[in-house]
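Have a look at my_file-v4.pdb; it's PDB, C-alpha atoms, pLDDT in the B column:
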ATOM      1  CA  MET W 743      13.860  48.953  -9.593  1.00 49.00           C
ATOM      2  CA  THR W 744      13.023  49.464  -5.968  1.00 61.00           C
ATOM      3  CA  THR W 745      11.890  52.822  -4.660  1.00 68.00           C
ATOM      4  CA  ASN W 746      12.769  54.186  -1.273  1.00 77.00           C
ATOM      5  CA  GLU W 747      10.932  56.705   0.908  1.00 82.00           C
ATOM      6  CA  GLN W 748      13.022  59.608  -0.320  1.00 87.00           C
ATOM      7  CA  GLN W 749      12.156  58.844  -3.943  1.00 86.00           C
ATOM      8  CA  ARG W 750       8.468  58.533  -3.079  1.00 85.00           C
ATOM      9  CA  LEU W 751       8.570  61.922  -1.339  1.00 89.00           C
ATOM     10  CA  ARG W 752      10.201  63.582  -4.369  1.00 91.00           C
ATOM     11  CA  LEU W 753       7.575  61.999  -6.643  1.00 89.00           C
ATOM     12  CA  HIS W 754       4.794  63.253  -4.404  1.00 91.00           C
ATOM     13  CA  GLN W 755       6.218  66.783  -4.369  1.00 94.00           C
ATOM     14  CA  SER W 756       6.590  66.755  -8.145  1.00 93.00           C
ATOM     15  CA  LEU W 757       3.005  65.560  -8.567  1.00 91.00           C
ATOM     16  CA  GLU W 758       1.757  68.303  -6.219  1.00 93.00           C
ATOM     17  CA  ARG W 759       3.384  70.919  -8.465  1.00 94.00           C
ATOM     18  CA  GLN W 760       1.968  69.310 -11.619  1.00 94.00           C
ATOM     19  CA  ILE W 761      -1.588  68.258 -10.658  1.00 93.00           C
ATOM     20  CA  GLY W 762      -2.229  69.768  -7.249  1.00 92.00           C
ATOM     21  CA  GLU W 763      -2.030  68.601  -3.671  1.00 92.00           C
ATOM     22  CA  GLU W 764      -5.334  66.725  -3.556  1.00 92.00           C
ATOM     23  CA  MET W 765      -4.829  64.782  -6.805  1.00 92.00           C
ATOM     24  CA  ALA W 766      -1.205  64.023  -5.899  1.00 90.00           C
ATOM     25  CA  GLY W 767      -2.424  62.563  -2.574  1.00 89.00           C
ATOM     26  CA  VAL W 768      -5.050  60.439  -4.357  1.00 91.00           C
ATOM     27  CA  LEU W 769      -2.497  59.180  -6.888  1.00 89.00           C
ATOM     28  CA  MET W 770       0.150  58.426  -4.254  1.00 88.00           C
ATOM     29  CA  SER W 771      -2.382  56.589  -2.068  1.00 88.00           C
ATOM     30  CA  SER W 772      -3.143  54.273  -4.978  1.00 85.00           C
ATOM     31  CA  LEU W 773       0.496  53.199  -5.161  1.00 82.00           C
ATOM     32  CA  PRO W 774       1.554  50.437  -2.805  1.00 75.00           C
ATOM     33  CA  PRO W 775       3.998  51.510  -0.089  1.00 72.00           C
ATOM     34  CA  PHE W 776       6.333  48.644  -1.053  1.00 71.00           C
ATOM     35  CA  ASP W 777       8.107  47.249  -4.075  1.00 72.00           C
ATOM     36  CA  TRP W 778       6.067  45.496  -6.728  1.00 71.00           C
ATOM     37  CA  ASN W 779       8.289  42.445  -6.454  1.00 74.00           C
ATOM     38  CA  GLN W 780       6.798  41.932  -2.982  1.00 76.00           C
ATOM     39  CA  VAL W 781       3.285  41.529  -4.410  1.00 80.00           C
ATOM     40  CA  ALA W 782       2.112  37.920  -4.660  1.00 81.00           C
ATOM     41  CA  THR W 783       1.104  36.760  -8.117  1.00 84.00           C
ATOM     42  CA  LYS W 784      -1.300  33.978  -9.078  1.00 85.00           C
ATOM     43  CA  ASP W 785       1.729  31.817  -9.830  1.00 84.00           C
ATOM     44  CA  ASP W 786       3.038  32.503  -6.322  1.00 82.00           C
ATOM     45  CA  LEU W 787      -0.312  31.432  -4.882  1.00 80.00           C
ATOM     46  CA  LYS W 788      -0.259  28.276  -7.020  1.00 79.00           C
ATOM     47  CA  ALA W 789       3.189  27.510  -5.623  1.00 78.00           C
ATOM     48  CA  PHE W 790       1.758  27.715  -2.106  1.00 75.00           C
ATOM     49  CA  ALA W 791      -0.967  25.271  -3.089  1.00 71.00           C
ATOM     50  CA  THR W 792       1.724  23.000  -4.449  1.00 81.00           C
ATOM     51  CA  ARG W 793       3.583  23.256  -1.156  1.00 79.00           C
ATOM     52  CA  ASP W 794       0.409  22.351   0.709  1.00 81.00           C
ATOM     53  CA  GLU W 795      -0.047  19.365  -1.576  1.00 85.00           C
ATOM     54  CA  MET W 796       3.575  18.373  -0.962  1.00 86.00           C
ATOM     55  CA  ASN W 797       3.060  18.687   2.786  1.00 88.00           C
ATOM     56  CA  LEU W 798       0.049  16.367   2.511  1.00 90.00           C
ATOM     57  CA  LYS W 799       2.082  13.901   0.482  1.00 91.00           C
ATOM     58  CA  PHE W 800       4.887  14.031   3.042  1.00 93.00           C
ATOM     59  CA  ALA W 801       2.324  13.443   5.783  1.00 95.00           C
ATOM     60  CA  ASP W 802       1.070  10.404   3.838  1.00 95.00           C
ATOM     61  CA  ILE W 803       4.641   9.142   3.503  1.00 96.00           C
ATOM     62  CA  ASP W 804       5.190   9.631   7.240  1.00 96.00           C
ATOM     63  CA  ILE W 805       2.054   7.576   7.943  1.00 97.00           C
ATOM     64  CA  LYS W 806       3.194   4.825   5.580  1.00 97.00           C
ATOM     65  CA  PHE W 807       6.629   4.731   7.204  1.00 96.00           C
ATOM     66  CA  ALA W 808       4.987   4.504  10.640  1.00 97.00           C
ATOM     67  CA  GLU W 809       2.812   1.619   9.410  1.00 97.00           C
ATOM     68  CA  LEU W 810       5.833  -0.097   7.875  1.00 97.00           C
ATOM     69  CA  ASN W 811       7.780   0.394  11.097  1.00 96.00           C
ATOM     70  CA  ALA W 812       4.944  -1.114  13.141  1.00 96.00           C
ATOM     71  CA  THR W 813       4.666  -4.073  10.757  1.00 96.00           C
ATOM     72  CA  THR W 814       8.423  -4.592  10.897  1.00 96.00           C
ATOM     73  CA  GLU W 815       8.404  -4.502  14.698  1.00 96.00           C
ATOM     74  CA  VAL W 816       5.640  -7.128  14.816  1.00 96.00           C
ATOM     75  CA  GLY W 817       7.526  -9.280  12.309  1.00 95.00           C
ATOM     76  CA  LEU W 818      10.752  -9.002  14.306  1.00 96.00           C
ATOM     77  CA  ALA W 819       8.934  -9.905  17.525  1.00 96.00           C
ATOM     78  CA  ASN W 820       7.471 -12.994  15.833  1.00 95.00           C
ATOM     79  CA  LEU W 821      10.895 -13.917  14.482  1.00 96.00           C
ATOM     80  CA  ARG W 822      12.470 -13.583  17.939  1.00 95.00           C
ATOM     81  CA  THR W 823       9.756 -15.841  19.380  1.00 94.00           C
ATOM     82  CA  GLU W 824      10.301 -18.407  16.639  1.00 93.00           C
ATOM     83  CA  ILE W 825      14.091 -18.349  17.116  1.00 93.00           C
ATOM     84  CA  ALA W 826      13.674 -18.804  20.866  1.00 91.00           C
ATOM     85  CA  SER W 827      11.349 -21.759  20.239  1.00 90.00           C
ATOM     86  CA  HIS W 828      13.884 -23.355  17.882  1.00 92.00           C
ATOM     87  CA  GLN W 829      16.668 -22.765  20.384  1.00 92.00           C
ATOM     88  CA  GLU W 830      14.691 -24.577  23.068  1.00 88.00           C
ATOM     89  CA  LYS W 831      14.028 -27.471  20.681  1.00 89.00           C
ATOM     90  CA  ASN W 832      17.713 -27.604  19.712  1.00 91.00           C
ATOM     91  CA  VAL W 833      18.850 -27.577  23.336  1.00 90.00           C
ATOM     92  CA  SER W 834      16.385 -30.360  24.095  1.00 89.00           C
ATOM     93  CA  ALA W 835      17.563 -32.374  21.081  1.00 91.00           C
ATOM     94  CA  ILE W 836      21.235 -31.884  22.055  1.00 94.00           C
ATOM     95  CA  LYS W 837      20.506 -33.039  25.612  1.00 93.00           C
ATOM     96  CA  GLY W 838      18.774 -36.122  24.193  1.00 92.00           C
ATOM     97  CA  LEU W 839      21.760 -36.866  21.925  1.00 94.00           C
ATOM     98  CA  GLN W 840      24.107 -36.301  24.826  1.00 95.00           C
ATOM     99  CA  ALA W 841      22.203 -38.788  27.007  1.00 94.00           C
ATOM    100  CA  GLU W 842      22.100 -41.293  24.146  1.00 95.00           C
ATOM    101  CA  PHE W 843      25.857 -40.880  23.549  1.00 95.00           C
ATOM    102  CA  GLN W 844      26.608 -41.376  27.259  1.00 96.00           C
ATOM    103  CA  LYS W 845      24.466 -44.519  27.314  1.00 95.00           C
ATOM    104  CA  SER W 846      26.229 -45.904  24.211  1.00 96.00           C
ATOM    105  CA  LEU W 847      29.614 -44.994  25.696  1.00 96.00           C
ATOM    106  CA  ARG W 848      28.798 -46.910  28.911  1.00 95.00           C
ATOM    107  CA  ILE W 849      27.600 -49.938  26.957  1.00 95.00           C
ATOM    108  CA  ASN W 850      30.658 -49.887  24.679  1.00 95.00           C
ATOM    109  CA  THR W 851      32.999 -49.435  27.644  1.00 95.00           C
ATOM    110  CA  ALA W 852      31.364 -52.361  29.435  1.00 94.00           C
ATOM    111  CA  THR W 853      31.630 -54.494  26.276  1.00 95.00           C
ATOM    112  CA  ILE W 854      35.313 -53.638  25.814  1.00 95.00           C
ATOM    113  CA  MET W 855      36.039 -54.337  29.482  1.00 95.00           C
ATOM    114  CA  THR W 856      34.266 -57.698  29.238  1.00 93.00           C
ATOM    115  CA  LEU W 857      36.277 -58.616  26.149  1.00 93.00           C
ATOM    116  CA  LEU W 858      39.525 -57.541  27.816  1.00 92.00           C
ATOM    117  CA  VAL W 859      38.771 -59.602  30.894  1.00 91.00           C
ATOM    118  CA  GLY W 860      37.969 -62.558  28.653  1.00 88.00           C
ATOM    119  CA  CYS W 861      41.178 -62.075  26.664  1.00 89.00           C
ATOM    120  CA  PHE W 862      43.283 -61.790  29.850  1.00 86.00           C
ATOM    121  CA  GLY W 863      41.546 -64.848  31.215  1.00 85.00           C
ATOM    122  CA  VAL W 864      42.473 -66.859  28.150  1.00 84.00           C
ATOM    123  CA  LEU W 865      46.051 -65.533  28.201  1.00 82.00           C
ATOM    124  CA  PHE W 866      46.613 -66.186  31.897  1.00 82.00           C
ATOM    125  CA  SER W 867      45.010 -69.611  31.775  1.00 82.00           C
ATOM    126  CA  ARG W 868      47.682 -70.797  29.377  1.00 74.00           C
ATOM    127  CA  ILE W 869      50.531 -69.716  31.549  1.00 68.00           C
TER     128      ILE W 869
END

This entry written out as structure tokens:
Amino acid sequence: MTTNEQQRLRLHQSLERQIGEEMAGVLMSSLPPFDWNQVATKDDLKAFATRDEMNLKFADIDIKFAELNATTEVGLANLRTEIASHQEKNVSAIKGLQAEFQKSLRINTATIMTLLVGCFGVLFSRI
């Protein structure tokens, strides 16, 4: 039960009548001017220590996440570099295949044209 100032005053006045003004003052000064539920217990203090420990653990977790983030960033940068290198190799390989295809196409076209000319020559020579 919480006590208010009015209740404390009535208690003091009652004590003055019972044990005298001086002893009532001594007794009242030994009582805290607040509710007992506001007094910290050893368990309360242990809870604060636990909170401090939790804060340290959270700080450790924050550090580990920062390290993981840095490692991930480095890994992603390396991956981007590797992908870019493969893209350059692929573009180079495609250009080589393209040049080879164009060369084969020219040779095949020339061969077909030569055969057609030969076939027309044979056909027209019989007419």

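As for CA of Ser867 (chain W) and CA of Ile854 (chain W), they are spaced 19.6 Å apart.
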
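Between CA of Glu842 (chain W) and CA of Leu858 (chain W) the separation is 24.1 Å.
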
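The residue set within 12 Å of Ser771 (chain W), counting all atoms listed in the file and dropping same-chain residues fewer than 5 places from it, reads Arg750, His754, Glu764, Met765, Ala766 and Phe776 of chain W.
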
Between W:Arg793, W:Val816, W:Leu769, W:Asp777, single out the one closest to Asn746 (chain W), counting all atoms listed in the file.
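Looking only at the distances to Asn746 (chain W), the closest residue turns out to be W:Asp777.
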
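CA of Leu757 (chain W) is found 13.1 Å from CA of Leu773 (chain W).
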